[in-house]
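Colleague: Before we start, here is the structure in question, set down as structure tokens.
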Amino acid sequence: MKPISKSSKLADVCYDIRGPVLDKARQMEEEGHKIIKLNIGNVAAFGLEPPDEIVQDMIRNLPSQVAAGYTDSKGLFAPRKSVVHYTQEKNIRGVTVDDVYLGNGASELITMSLNALLNTGDEVLLPSPDYPLYTAAVALSGGTPVHYLCDEQSDWMPDIADIRAKVTPNTKAIVVINPNNPTGALYPDSVLREIVEVARQHQLIILADEIYDKTLYDGNTHTSIASLAEDVLCITYNGLSKNYRSCGYRAGWMVVSGEKKHARDYIEGLNMLASMRLCANTPGQLAIQTALGGYQSIKDLVAPTGRLGRQRDLAYELLTQIPGVTVVKPKAALYMFPRLDPKFYPIQDDRQFAYELLADEKVLIVQGTGFNWIAPDHFRLVFLPNSDDLKEAIGRIARFLEHYRKR
Ligand code: PLP
């Protein structure tokens with residue numbers, strides 16, 4: 001029989017958060033091992049449940065909505081209207097219901113908007129490290145991912161000079177993930193304004209991922225880059241997965257704002273792709289309306305005494321006690337991206353490093369190169385497990401590193 005191969009479109013597509021190391025972990029679980037999973041921001045898996053108000057509305061709505069069937073491709077009017085109100089709260093001007101698309105999570109909309117945009121050879125500027133869906137989706141869409149550096153020495157801020165140096169006549173868009181996964185960075189307005197300036201000068205679309213915009217520590221606040229870029233075409237992605245701990249509901253949205261007049265053809269493309277997938281799941285759409293309309297704040301969790309606030313502090317304290325490990329304390333989101341000093345840990349292949357940590361200590365992390373980081377000297381962990389599990393997990397990482405150093 002002729003072998004059946006994957007399409008050549010997938011040749012440069014990689015998504016290591018759910019890659020081969022996770023397959024190995026699954027196999028170990030099947031063999032009866034208990035693994036501590038610090039690999040995925042699956043909030044619900046750590047007992048951080050969706051707000052009760054959302055759950056109750058979901059239950060109440062389910063019978064009538066399942067019976068109602070498909071919705072408009074962009075989504076139901078009322079939840080989209082609630083997204084419009086959200087954009088008003090975030091000072092993004094000129095957004096109407098027509099500019100809002102609901103999706104089965106932000107992921108679907110990210111892929112859709114890149115697919116609608118890119119021709120072969122078109123370049124998209126992406127942060128390094130990044131949330132790897134972007135690099136994968138650019139590659140799948142036939143585009144070329146071009147990574148700009150985020151600088152660990154400056155709290156992982158985007159290096160504006162590097163961004164400028166990497167703009168070419170083929171650059172179509174720049175992705176800004178703020179708050180950032182995997183670094184936990186939160187960008188000040190001054191940095192956002194500099195990025196807007198580059199986009200303005202070179203007529204780039206800004207693709208802004210703001211899915212962690214309420215998951216903020218230390219009393220920080222978040223600015224939507226679209227609120228600073230009225231004269232630039234912006235697409236802002238958000239959803240319920242993180243801020244509302246509802247990732248299983250697959251409920252996300254994207255908002256087109258700014259300079260829309262010259263983007264009619266692109267918007268037609270977005271509409272076409274939205275129609276092709278018919279619509280987002282209806283219960284998830286209604287959950288958006290409940291979430292944005294009601295008070296179910298994440299504030300209690302991110303406060304210094306809240307569960308996420310405490311776990312962030314604990315993970316930071318424990319990691320920084322390990323020789324040769326440094327980490328920028330995250331200002332937002334659910335992740336840390338620690339550095340392993342190569343003088344202590346001369347890692348050649350960080351996926352192999354992740355395998356060995358899993359095999360020896362039953363702790364699952366994701367290697368830094370899985371986030372398109374430039375060197376095998378970082379890894380990402382989520383600080384979602386409760387304090388006891390975090391202590392246990394970081395203790396095991398410390399023990400593994402001690403042995404690694406002495407090899
Ligand atoms: N964007 C970022 C930066 C993320 O970290 C994630 C998930 O981890 C997503 C998007 C995916 O969100 P959704 O669950 O809405 O598809």
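Following the order of the structure tokens, first chain is A, next is B, and so on, with residues numbered from 1 inside each chain and ligands from 1 in the order they appear.
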Would you mind listing what lies within 12 Å of Thr282 of chain A as a ChimeraX atom specification, with only C-alpha atoms counted and same-chain residues fewer than 2 positions away left out?

Modeller: /A:58,61-79,102-104,249-252,278-280,284-289

Colleague: Write a file of the just-selected residues containing C-alpha atoms, as an mmCIF file, in the first residue's frame.

Modeller:
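Resulting contents of again-v8.cif:
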```
data_model
loop_
_atom_site.group_PDB
_atom_site.id
_atom_site.type_symbol
_atom_site.label_atom_id
_atom_site.label_comp_id
_atom_site.auth_asym_id
_atom_site.auth_seq_id
_atom_site.Cartn_x
_atom_site.Cartn_y
_atom_site.Cartn_z
ATOM 1 C CA MET A 58 -25.039 27.579 30.968
ATOM 2 C CA ASN A 61 -29.639 27.944 28.582
ATOM 3 C CA LEU A 62 -28.608 24.547 27.366
ATOM 4 C CA PRO A 63 -31.989 22.964 26.492
ATOM 5 C CA SER A 64 -33.302 25.920 24.487
ATOM 6 C CA GLN A 65 -29.979 26.617 22.785
ATOM 7 C CA VAL A 66 -29.325 23.085 21.668
ATOM 8 C CA ALA A 67 -32.804 23.137 20.130
ATOM 9 C CA ALA A 68 -32.135 26.507 18.455
ATOM 10 C CA GLY A 69 -29.346 25.198 16.247
ATOM 11 C CA TYR A 70 -26.875 27.239 14.201
ATOM 12 C CA THR A 71 -26.467 30.961 14.767
ATOM 13 C CA ASP A 72 -25.227 33.743 12.513
ATOM 14 C CA SER A 73 -21.638 32.936 11.485
ATOM 15 C CA LYS A 74 -20.224 35.770 13.538
ATOM 16 C CA GLY A 75 -22.362 34.788 16.515
ATOM 17 C CA LEU A 76 -25.518 35.782 18.385
ATOM 18 C CA PHE A 77 -26.273 39.499 18.607
ATOM 19 C CA ALA A 78 -26.499 39.842 22.406
ATOM 20 C CA PRO A 79 -23.108 38.287 23.284
ATOM 21 C CA LEU A 102 -17.308 34.815 18.251
ATOM 22 C CA GLY A 103 -15.323 31.609 18.036
ATOM 23 C CA ASN A 104 -14.741 28.208 19.585
ATOM 24 C CA TYR A 249 -16.518 26.036 27.072
ATOM 25 C CA ARG A 250 -14.480 27.028 24.007
ATOM 26 C CA ALA A 251 -15.710 30.599 24.037
ATOM 27 C CA GLY A 252 -13.639 33.378 22.499
ATOM 28 C CA LEU A 278 -20.855 27.837 10.261
ATOM 29 C CA CYS A 279 -20.744 29.250 13.792
ATOM 30 C CA ALA A 280 -19.218 28.919 17.242
ATOM 31 C CA GLY A 284 -20.264 29.104 24.706
ATOM 32 C CA GLN A 285 -21.579 32.226 22.976
ATOM 33 C CA LEU A 286 -24.170 32.714 25.708
ATOM 34 C CA ALA A 287 -21.554 32.198 28.382
ATOM 35 C CA ILE A 288 -19.727 35.218 26.915
ATOM 36 C CA GLN A 289 -22.817 37.328 27.453
#
```

Colleague: Skipping near chain neighbours, those fewer than 6 positions away, what residues fall within 9 Å of Ala315 of chain A using only C-alpha atoms, listed as a PDB file with C-alpha atoms, in the first residue's frame?

Modeller:
```
ATOM      1  CA  MET A 336       6.945  31.570  34.442  1.00  0.00           C
ATOM      2  CA  PHE A 383       1.852  27.965  38.625  1.00  0.00           C
ATOM      3  CA  SER A 387       0.843  25.233  47.009  1.00  0.00           C
ATOM      4  CA  LEU A 390       3.912  23.319  43.566  1.00  0.00           C
ATOM      5  CA  LYS A 391       6.344  22.791  46.449  1.00  0.00           C
ATOM      6  CA  ILE A 394       9.682  22.524  42.224  1.00  0.00           C
TER       7      ILE A 394
END
```

Colleague: Taking only C-alpha atoms and all ligand atoms into account, which of A:Ile195, A:Leu114, A:Ile235, A:Ala333 comes nearest ligand 1?

Modeller: A:Ala333

Colleague: Would you write out, as JSON lines, a table of all residues in chain A that have an atom no more than 8 Å from an atom of ligand 1, listing for each the closest atom pair and the distance in Å to one decimal, considering only C-alpha atoms and all ligand atoms and ordering rows by chain and rising residue number?

Modeller:
```
{"residue": "A:Ile40", "atom": "CA", "partner": "ligand 1", "partner_atom_place_in_ligand_line": "8 (O)", "distance": 7.2}
{"residue": "A:Gly41", "atom": "CA", "partner": "ligand 1", "partner_atom_place_in_ligand_line": "8 (O)", "distance": 5.6}
{"residue": "A:Asn42", "atom": "CA", "partner": "ligand 1", "partner_atom_place_in_ligand_line": "8 (O)", "distance": 7.6}
{"residue": "A:Asn104", "atom": "CA", "partner": "ligand 1", "partner_atom_place_in_ligand_line": "16 (O)", "distance": 6.8}
{"residue": "A:Gly105", "atom": "CA", "partner": "ligand 1", "partner_atom_place_in_ligand_line": "15 (O)", "distance": 3.4}
{"residue": "A:Ala106", "atom": "CA", "partner": "ligand 1", "partner_atom_place_in_ligand_line": "15 (O)", "distance": 3.6}
{"residue": "A:Ser107", "atom": "CA", "partner": "ligand 1", "partner_atom_place_in_ligand_line": "16 (O)", "distance": 3.7}
{"residue": "A:Glu108", "atom": "CA", "partner": "ligand 1", "partner_atom_place_in_ligand_line": "16 (O)", "distance": 6.5}
{"residue": "A:Ile110", "atom": "CA", "partner": "ligand 1", "partner_atom_place_in_ligand_line": "10 (C)", "distance": 7.9}
{"residue": "A:Tyr131", "atom": "CA", "partner": "ligand 1", "partner_atom_place_in_ligand_line": "3 (C)", "distance": 5.5}
{"residue": "A:Leu133", "atom": "CA", "partner": "ligand 1", "partner_atom_place_in_ligand_line": "10 (C)", "distance": 7.7}
{"residue": "A:Ile177", "atom": "CA", "partner": "ligand 1", "partner_atom_place_in_ligand_line": "3 (C)", "distance": 6.0}
{"residue": "A:Asn178", "atom": "CA", "partner": "ligand 1", "partner_atom_place_in_ligand_line": "3 (C)", "distance": 7.9}
{"residue": "A:Pro179", "atom": "CA", "partner": "ligand 1", "partner_atom_place_in_ligand_line": "3 (C)", "distance": 7.8}
{"residue": "A:Asn180", "atom": "CA", "partner": "ligand 1", "partner_atom_place_in_ligand_line": "3 (C)", "distance": 6.4}
{"residue": "A:Asn181", "atom": "CA", "partner": "ligand 1", "partner_atom_place_in_ligand_line": "3 (C)", "distance": 5.2}
{"residue": "A:Pro182", "atom": "CA", "partner": "ligand 1", "partner_atom_place_in_ligand_line": "5 (O)", "distance": 7.5}
{"residue": "A:Asp209", "atom": "CA", "partner": "ligand 1", "partner_atom_place_in_ligand_line": "1 (N)", "distance": 5.9}
{"residue": "A:Glu210", "atom": "CA", "partner": "ligand 1", "partner_atom_place_in_ligand_line": "3 (C)", "distance": 7.2}
{"residue": "A:Ile211", "atom": "CA", "partner": "ligand 1", "partner_atom_place_in_ligand_line": "1 (N)", "distance": 5.8}
{"residue": "A:Tyr212", "atom": "CA", "partner": "ligand 1", "partner_atom_place_in_ligand_line": "3 (C)", "distance": 7.3}
{"residue": "A:Tyr237", "atom": "CA", "partner": "ligand 1", "partner_atom_place_in_ligand_line": "1 (N)", "distance": 7.7}
{"residue": "A:Asn238", "atom": "CA", "partner": "ligand 1", "partner_atom_place_in_ligand_line": "15 (O)", "distance": 6.7}
{"residue": "A:Gly239", "atom": "CA", "partner": "ligand 1", "partner_atom_place_in_ligand_line": "15 (O)", "distance": 5.1}
{"residue": "A:Leu240", "atom": "CA", "partner": "ligand 1", "partner_atom_place_in_ligand_line": "15 (O)", "distance": 6.5}
{"residue": "A:Ser241", "atom": "CA", "partner": "ligand 1", "partner_atom_place_in_ligand_line": "14 (O)", "distance": 4.8}
{"residue": "A:Lys242", "atom": "CA", "partner": "ligand 1", "partner_atom_place_in_ligand_line": "14 (O)", "distance": 7.4}
{"residue": "A:Cys247", "atom": "CA", "partner": "ligand 1", "partner_atom_place_in_ligand_line": "14 (O)", "distance": 5.1}
{"residue": "A:Gly248", "atom": "CA", "partner": "ligand 1", "partner_atom_place_in_ligand_line": "14 (O)", "distance": 7.7}
{"residue": "A:Arg250", "atom": "CA", "partner": "ligand 1", "partner_atom_place_in_ligand_line": "14 (O)", "distance": 6.0}
{"residue": "A:Ala251", "atom": "CA", "partner": "ligand 1", "partner_atom_place_in_ligand_line": "15 (O)", "distance": 6.1}
{"residue": "A:Gly252", "atom": "CA", "partner": "ligand 1", "partner_atom_place_in_ligand_line": "15 (O)", "distance": 5.0}
{"residue": "A:Trp253", "atom": "CA", "partner": "ligand 1", "partner_atom_place_in_ligand_line": "15 (O)", "distance": 8.0}
```

Colleague: Keeping C-alpha atoms, export the residues of the selection given above as a PDB file, in the first residue's frame.

Modeller:
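The result, stored in part.pdb:
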```pdb
ATOM      1  CA  ILE A  40      -0.620  23.458  30.209  1.00  0.00           C
ATOM      2  CA  GLY A  41      -2.661  26.459  31.328  1.00  0.00           C
ATOM      3  CA  ASN A  42      -5.718  24.248  31.738  1.00  0.00           C
ATOM      4  CA  ASN A 104     -14.741  28.208  19.585  1.00  0.00           C
ATOM      5  CA  GLY A 105     -12.020  29.727  21.711  1.00  0.00           C
ATOM      6  CA  ALA A 106      -9.644  32.452  20.575  1.00  0.00           C
ATOM      7  CA  SER A 107      -7.541  29.741  18.911  1.00  0.00           C
ATOM      8  CA  GLU A 108     -10.024  29.231  16.100  1.00  0.00           C
ATOM      9  CA  ILE A 110      -6.376  33.367  15.467  1.00  0.00           C
ATOM     10  CA  TYR A 131       2.603  31.341  22.315  1.00  0.00           C
ATOM     11  CA  LEU A 133      -0.032  28.697  18.030  1.00  0.00           C
ATOM     12  CA  ILE A 177       0.773  38.996  23.177  1.00  0.00           C
ATOM     13  CA  ASN A 178       0.061  41.186  26.182  1.00  0.00           C
ATOM     14  CA  PRO A 179      -0.113  39.980  28.928  1.00  0.00           C
ATOM     15  CA  ASN A 180       2.387  37.495  27.649  1.00  0.00           C
ATOM     16  CA  ASN A 181       2.429  33.745  27.588  1.00  0.00           C
ATOM     17  CA  PRO A 182       5.020  32.320  28.368  1.00  0.00           C
ATOM     18  CA  ASP A 209      -3.759  38.717  22.011  1.00  0.00           C
ATOM     19  CA  GLU A 210      -5.203  39.955  25.302  1.00  0.00           C
ATOM     20  CA  ILE A 211      -6.626  36.729  26.680  1.00  0.00           C
ATOM     21  CA  TYR A 212      -4.977  37.336  30.097  1.00  0.00           C
ATOM     22  CA  TYR A 237      -8.428  38.360  20.580  1.00  0.00           C
ATOM     23  CA  ASN A 238      -9.897  37.513  23.938  1.00  0.00           C
ATOM     24  CA  GLY A 239     -12.134  34.917  25.547  1.00  0.00           C
ATOM     25  CA  LEU A 240     -13.350  33.128  28.635  1.00  0.00           C
ATOM     26  CA  SER A 241     -10.673  30.450  28.908  1.00  0.00           C
ATOM     27  CA  LYS A 242      -8.368  32.181  31.361  1.00  0.00           C
ATOM     28  CA  CYS A 247     -11.463  26.929  28.826  1.00  0.00           C
ATOM     29  CA  GLY A 248     -13.635  23.860  28.247  1.00  0.00           C
ATOM     30  CA  ARG A 250     -14.480  27.028  24.007  1.00  0.00           C
ATOM     31  CA  ALA A 251     -15.710  30.599  24.037  1.00  0.00           C
ATOM     32  CA  GLY A 252     -13.639  33.378  22.499  1.00  0.00           C
ATOM     33  CA  TRP A 253     -14.001  36.527  20.437  1.00  0.00           C
TER      34      TRP A 253
END
```

Colleague: I'd like the contact shell of Ser154 of chain A - 10 Å cut-off, only C-alpha atoms, skipping same-chain residues fewer than 5 positions apart - returned as a ChimeraX atom specification.

Modeller: /A:159,185,328

Colleague: For the residues in the current selection, export C-alpha atoms as a CSV table (one decimal), in the first residue's frame.

Modeller:
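What follows is the written file part-v1.csv:
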```csv
chain,number,residue,atom,x,y,z
A,159,ASP,CA,13.0,44.8,21.6
A,185,ALA,CA,5.2,40.2,31.0
A,328,VAL,CA,11.5,37.4,35.9
```

Colleague: Write out as a ChimeraX atom specification the residues lying within 8 Å of Ala354 of chain A, counting only C-alpha atoms and excluding same-chain residues fewer than 2 positions away.

Modeller: /A:21,350-352,356-358,364-367

Colleague: For the selection you just gave me, I'd like the residues written to a file as a PDB file, in the first residue's frame, keeping C-alpha atoms.

Modeller:
```pdb
ATOM      1  CA  VAL A  21       6.840  14.893  25.678  1.00  0.00           C
ATOM      2  CA  ASP A 350      15.909  21.039  25.791  1.00  0.00           C
ATOM      3  CA  ARG A 351      13.214  18.631  24.607  1.00  0.00           C
ATOM      4  CA  GLN A 352      15.510  15.834  25.774  1.00  0.00           C
ATOM      5  CA  GLU A 356      14.598  13.315  31.328  1.00  0.00           C
ATOM      6  CA  LEU A 357      12.901  15.471  33.956  1.00  0.00           C
ATOM      7  CA  LEU A 358       9.674  13.607  33.237  1.00  0.00           C
ATOM      8  CA  LEU A 364       6.015  17.704  33.116  1.00  0.00           C
ATOM      9  CA  ILE A 365       7.171  21.115  31.865  1.00  0.00           C
ATOM     10  CA  VAL A 366       7.530  22.520  28.339  1.00  0.00           C
ATOM     11  CA  GLN A 367      10.984  23.272  26.993  1.00  0.00           C
TER      12      GLN A 367
END
```

Colleague: Rounded to one decimal in Å, what is the spacing between atom CA of Trp373 of chain A and atom CA of Val191 of chain A?

Modeller: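 Interatomic distance, atom CA of Trp373 of chain A to atom CA of Val191 of chain A: 20.8 Å.
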
Colleague: From the options A:Ala274, A:Cys14, A:Val175, A:Leu125, which residue's atoms come nearest to Ile225 of chain A, counting only C-alpha atoms?

Modeller: A:Val175

Colleague: Which residue gives the smallest distance to Gly219 of chain A among A:Met272, A:Ile267, A:Ala139, A:Ala332, with only C-alpha atoms counted?

Modeller: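 Using only C-alpha atoms, Gly219 of chain A sits closest to A:Ala332.
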
Colleague: For Glu89 of chain A, list every protein, DNA or RNA residue within 12 Å, evaluated using only C-alpha atoms, and leave out those in the same chain fewer than 2 positions away; present the list as a list of chain:residue names.

Modeller: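 The contact residues come out as A:Ser82, A:Val83, A:Val84, A:His85, A:Tyr86, A:Thr87, A:Asn91, A:Ile92, A:Arg93, A:Val95, A:His222, A:Thr223, A:Ser224, A:Ser227, A:Leu292, A:Gly293.
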
Colleague: Would you mind writing down, as a PyMOL selection string, each residue of segment 80-240 of chain A that DSSP on the backbone assigns to helix (DSSP H, G or I)?

Modeller: chain A and resi 80-89+97-99+105-117+133-140+152-154+160-166+189-202+225-228

Colleague: Output C-alpha atoms of each residue in that selection to a file, as a PDB file, in the first residue's frame.

Modeller:
```pdb
ATOM      1  CA  ARG A  80     -21.482  40.279  20.488  1.00  0.00           C
ATOM      2  CA  LYS A  81     -23.085  43.403  21.908  1.00  0.00           C
ATOM      3  CA  SER A  82     -21.593  42.545  25.295  1.00  0.00           C
ATOM      4  CA  VAL A  83     -18.179  42.362  23.593  1.00  0.00           C
ATOM      5  CA  VAL A  84     -18.825  45.838  22.126  1.00  0.00           C
ATOM      6  CA  HIS A  85     -19.435  47.097  25.664  1.00  0.00           C
ATOM      7  CA  TYR A  86     -16.209  45.455  26.745  1.00  0.00           C
ATOM      8  CA  THR A  87     -14.293  47.286  24.013  1.00  0.00           C
ATOM      9  CA  GLN A  88     -15.855  50.529  25.278  1.00  0.00           C
ATOM     10  CA  GLU A  89     -14.584  49.789  28.781  1.00  0.00           C
ATOM     11  CA  VAL A  97     -21.519  44.532  16.608  1.00  0.00           C
ATOM     12  CA  ASP A  98     -20.501  43.927  13.009  1.00  0.00           C
ATOM     13  CA  ASP A  99     -16.819  44.087  14.015  1.00  0.00           C
ATOM     14  CA  GLY A 105     -12.020  29.727  21.711  1.00  0.00           C
ATOM     15  CA  ALA A 106      -9.644  32.452  20.575  1.00  0.00           C
ATOM     16  CA  SER A 107      -7.541  29.741  18.911  1.00  0.00           C
ATOM     17  CA  GLU A 108     -10.024  29.231  16.100  1.00  0.00           C
ATOM     18  CA  LEU A 109     -10.159  32.964  15.387  1.00  0.00           C
ATOM     19  CA  ILE A 110      -6.376  33.367  15.467  1.00  0.00           C
ATOM     20  CA  THR A 111      -5.981  30.657  12.840  1.00  0.00           C
ATOM     21  CA  MET A 112      -8.885  32.056  10.831  1.00  0.00           C
ATOM     22  CA  SER A 113      -7.568  35.590  10.722  1.00  0.00           C
ATOM     23  CA  LEU A 114      -4.090  34.483   9.650  1.00  0.00           C
ATOM     24  CA  ASN A 115      -5.543  32.189   7.000  1.00  0.00           C
ATOM     25  CA  ALA A 116      -7.613  35.025   5.594  1.00  0.00           C
ATOM     26  CA  LEU A 117      -4.577  37.322   5.472  1.00  0.00           C
ATOM     27  CA  LEU A 133      -0.032  28.697  18.030  1.00  0.00           C
ATOM     28  CA  TYR A 134       0.947  31.903  16.216  1.00  0.00           C
ATOM     29  CA  THR A 135       4.086  30.505  14.619  1.00  0.00           C
ATOM     30  CA  ALA A 136       2.242  27.311  13.709  1.00  0.00           C
ATOM     31  CA  ALA A 137      -0.765  29.160  12.257  1.00  0.00           C
ATOM     32  CA  VAL A 138       1.401  31.547  10.224  1.00  0.00           C
ATOM     33  CA  ALA A 139       3.275  28.570   8.763  1.00  0.00           C
ATOM     34  CA  LEU A 140       0.048  26.671   8.075  1.00  0.00           C
ATOM     35  CA  GLU A 152      14.710  39.144  29.559  1.00  0.00           C
ATOM     36  CA  GLN A 153      16.994  41.871  30.955  1.00  0.00           C
ATOM     37  CA  SER A 154      14.139  44.374  30.568  1.00  0.00           C
ATOM     38  CA  ILE A 160      11.696  47.673  19.445  1.00  0.00           C
ATOM     39  CA  ALA A 161      15.014  48.015  17.574  1.00  0.00           C
ATOM     40  CA  ASP A 162      14.833  44.317  16.706  1.00  0.00           C
ATOM     41  CA  ILE A 163      11.249  44.734  15.503  1.00  0.00           C
ATOM     42  CA  ARG A 164      12.286  47.635  13.290  1.00  0.00           C
ATOM     43  CA  ALA A 165      15.254  45.701  11.925  1.00  0.00           C
ATOM     44  CA  LYS A 166      13.029  42.794  10.933  1.00  0.00           C
ATOM     45  CA  ASP A 189       1.727  52.145  27.403  1.00  0.00           C
ATOM     46  CA  SER A 190       5.101  53.550  26.303  1.00  0.00           C
ATOM     47  CA  VAL A 191       6.090  50.183  24.776  1.00  0.00           C
ATOM     48  CA  LEU A 192       2.668  49.732  23.186  1.00  0.00           C
ATOM     49  CA  ARG A 193       2.899  53.198  21.641  1.00  0.00           C
ATOM     50  CA  GLU A 194       6.293  52.353  20.122  1.00  0.00           C
ATOM     51  CA  ILE A 195       4.857  49.200  18.552  1.00  0.00           C
ATOM     52  CA  VAL A 196       1.905  51.183  17.191  1.00  0.00           C
ATOM     53  CA  GLU A 197       4.358  53.655  15.689  1.00  0.00           C
ATOM     54  CA  VAL A 198       6.185  50.864  13.825  1.00  0.00           C
ATOM     55  CA  ALA A 199       2.855  49.456  12.597  1.00  0.00           C
ATOM     56  CA  ARG A 200       1.710  52.904  11.508  1.00  0.00           C
ATOM     57  CA  GLN A 201       4.948  53.625   9.616  1.00  0.00           C
ATOM     58  CA  HIS A 202       4.973  50.314   7.774  1.00  0.00           C
ATOM     59  CA  ILE A 225      -3.087  48.283  22.227  1.00  0.00           C
ATOM     60  CA  ALA A 226      -6.088  48.916  19.932  1.00  0.00           C
ATOM     61  CA  SER A 227      -7.070  51.832  22.189  1.00  0.00           C
ATOM     62  CA  LEU A 228      -3.791  53.533  21.164  1.00  0.00           C
TER      63      LEU A 228
END
```

Colleague: For Gly258 of chain A, find every residue with an atom within 6 Å (counting only C-alpha atoms), except residues of its own chain fewer than 6 positions away, and show them as a list in words.

Modeller: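 Here the qualifying residues turn out to be Glu230, Asp231, Val232, Leu233 and Cys234 of chain A.
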
Colleague: Just write the chosen residues, C-alpha atoms, as a PDB file, in the first residue's frame.

Modeller:
```pdb
ATOM      1  CA  GLU A 230      -7.209  54.247  15.999  1.00  0.00           C
ATOM      2  CA  ASP A 231      -5.481  54.741  12.644  1.00  0.00           C
ATOM      3  CA  VAL A 232      -4.072  51.194  12.373  1.00  0.00           C
ATOM      4  CA  LEU A 233      -6.042  48.032  11.608  1.00  0.00           C
ATOM      5  CA  CYS A 234      -6.145  45.973  14.793  1.00  0.00           C
TER       6      CYS A 234
END
```

Colleague: Would you mind listing what lies within 10 Å of segment 400-404 of chain A as a PyMOL selection string, with only C-alpha atoms counted and same-chain residues fewer than 3 positions away left out?

Modeller: chain A and resi 322-325+340+344-347+353+356-358+360-361+363+394-397+407

Colleague: If DSSP is run on the backbone, what residues of segment 23-155 of chain A are strand (DSSP E or B)? A reply as a list in words would be ideal.

Modeller: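 Of segment 23-155 of chain A, the ones in strand (DSSP E or B) are Ile36, Lys37, Val100, Tyr101, Leu102, Gly103, Glu123, Val124, Leu125, Leu126, Pro127, Ser128, Thr144, Pro145, Val146, His147, Tyr148, Leu149, Cys150 and Asp151 of chain A.
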
Colleague: Please produce a file of the residues just selected, as a CSV table (one decimal), in the first residue's frame, where the atoms kept are N, CA and C atoms.

Modeller:
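Listed below is the output, part.csv:
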```csv
chain,number,residue,atom,x,y,z
A,36,ILE,N,3.1,15.2,37.9
A,36,ILE,CA,2.7,16.5,38.2
A,36,ILE,C,2.8,17.4,37.0
A,37,LYS,N,1.7,17.9,36.5
A,37,LYS,CA,1.7,18.6,35.2
A,37,LYS,C,1.8,20.1,35.4
A,100,VAL,N,-17.4,42.3,15.5
A,100,VAL,CA,-17.1,41.3,16.6
A,100,VAL,C,-17.5,39.9,16.0
A,101,TYR,N,-16.5,39.0,16.2
A,101,TYR,CA,-16.7,37.6,15.7
A,101,TYR,C,-16.5,36.7,17.0
A,102,LEU,N,-17.4,35.8,17.2
A,102,LEU,CA,-17.3,34.8,18.3
A,102,LEU,C,-16.7,33.5,17.7
A,103,GLY,N,-16.0,32.8,18.5
A,103,GLY,CA,-15.3,31.6,18.0
A,103,GLY,C,-15.3,30.5,19.1
A,123,GLU,N,5.2,37.9,5.5
A,123,GLU,CA,5.9,37.7,6.8
A,123,GLU,C,5.0,38.3,7.9
A,124,VAL,N,5.1,37.6,9.0
A,124,VAL,CA,4.4,38.1,10.2
A,124,VAL,C,5.4,38.2,11.3
A,125,LEU,N,5.5,39.3,12.0
A,125,LEU,CA,6.4,39.5,13.1
A,125,LEU,C,5.8,38.9,14.4
A,126,LEU,N,6.5,38.0,15.0
A,126,LEU,CA,6.0,37.3,16.2
A,126,LEU,C,7.0,37.4,17.3
A,127,PRO,N,6.5,37.5,18.6
A,127,PRO,CA,7.5,37.5,19.6
A,127,PRO,C,8.3,36.2,19.8
A,128,SER,N,9.5,36.3,20.3
A,128,SER,CA,10.2,35.2,20.8
A,128,SER,C,10.7,35.5,22.2
A,144,THR,N,5.4,33.4,6.5
A,144,THR,CA,6.7,33.1,7.0
A,144,THR,C,6.8,33.8,8.4
A,145,PRO,N,7.0,33.0,9.5
A,145,PRO,CA,7.1,33.6,10.8
A,145,PRO,C,8.5,34.2,10.9
A,146,VAL,N,8.5,35.5,11.4
A,146,VAL,CA,9.7,36.2,11.7
A,146,VAL,C,9.7,36.6,13.1
A,147,HIS,N,10.6,36.1,13.9
A,147,HIS,CA,10.5,36.4,15.4
A,147,HIS,C,11.3,37.6,15.8
A,148,TYR,N,10.7,38.4,16.6
A,148,TYR,CA,11.4,39.6,17.2
A,148,TYR,C,11.7,39.2,18.7
A,149,LEU,N,12.8,39.7,19.2
A,149,LEU,CA,13.2,39.3,20.5
A,149,LEU,C,12.5,40.1,21.6
A,150,CYS,N,12.1,39.3,22.6
A,150,CYS,CA,11.7,40.0,23.9
A,150,CYS,C,12.9,39.9,24.8
A,151,ASP,N,13.2,40.9,25.6
A,151,ASP,CA,14.4,41.0,26.3
A,151,ASP,C,14.2,40.7,27.8
```

Colleague: Could you tell me how far atom CA of Met276 of chain A lies from atom CA of Arg60 of chain A, in Å and to one decimal?

Modeller: 29.0 Å
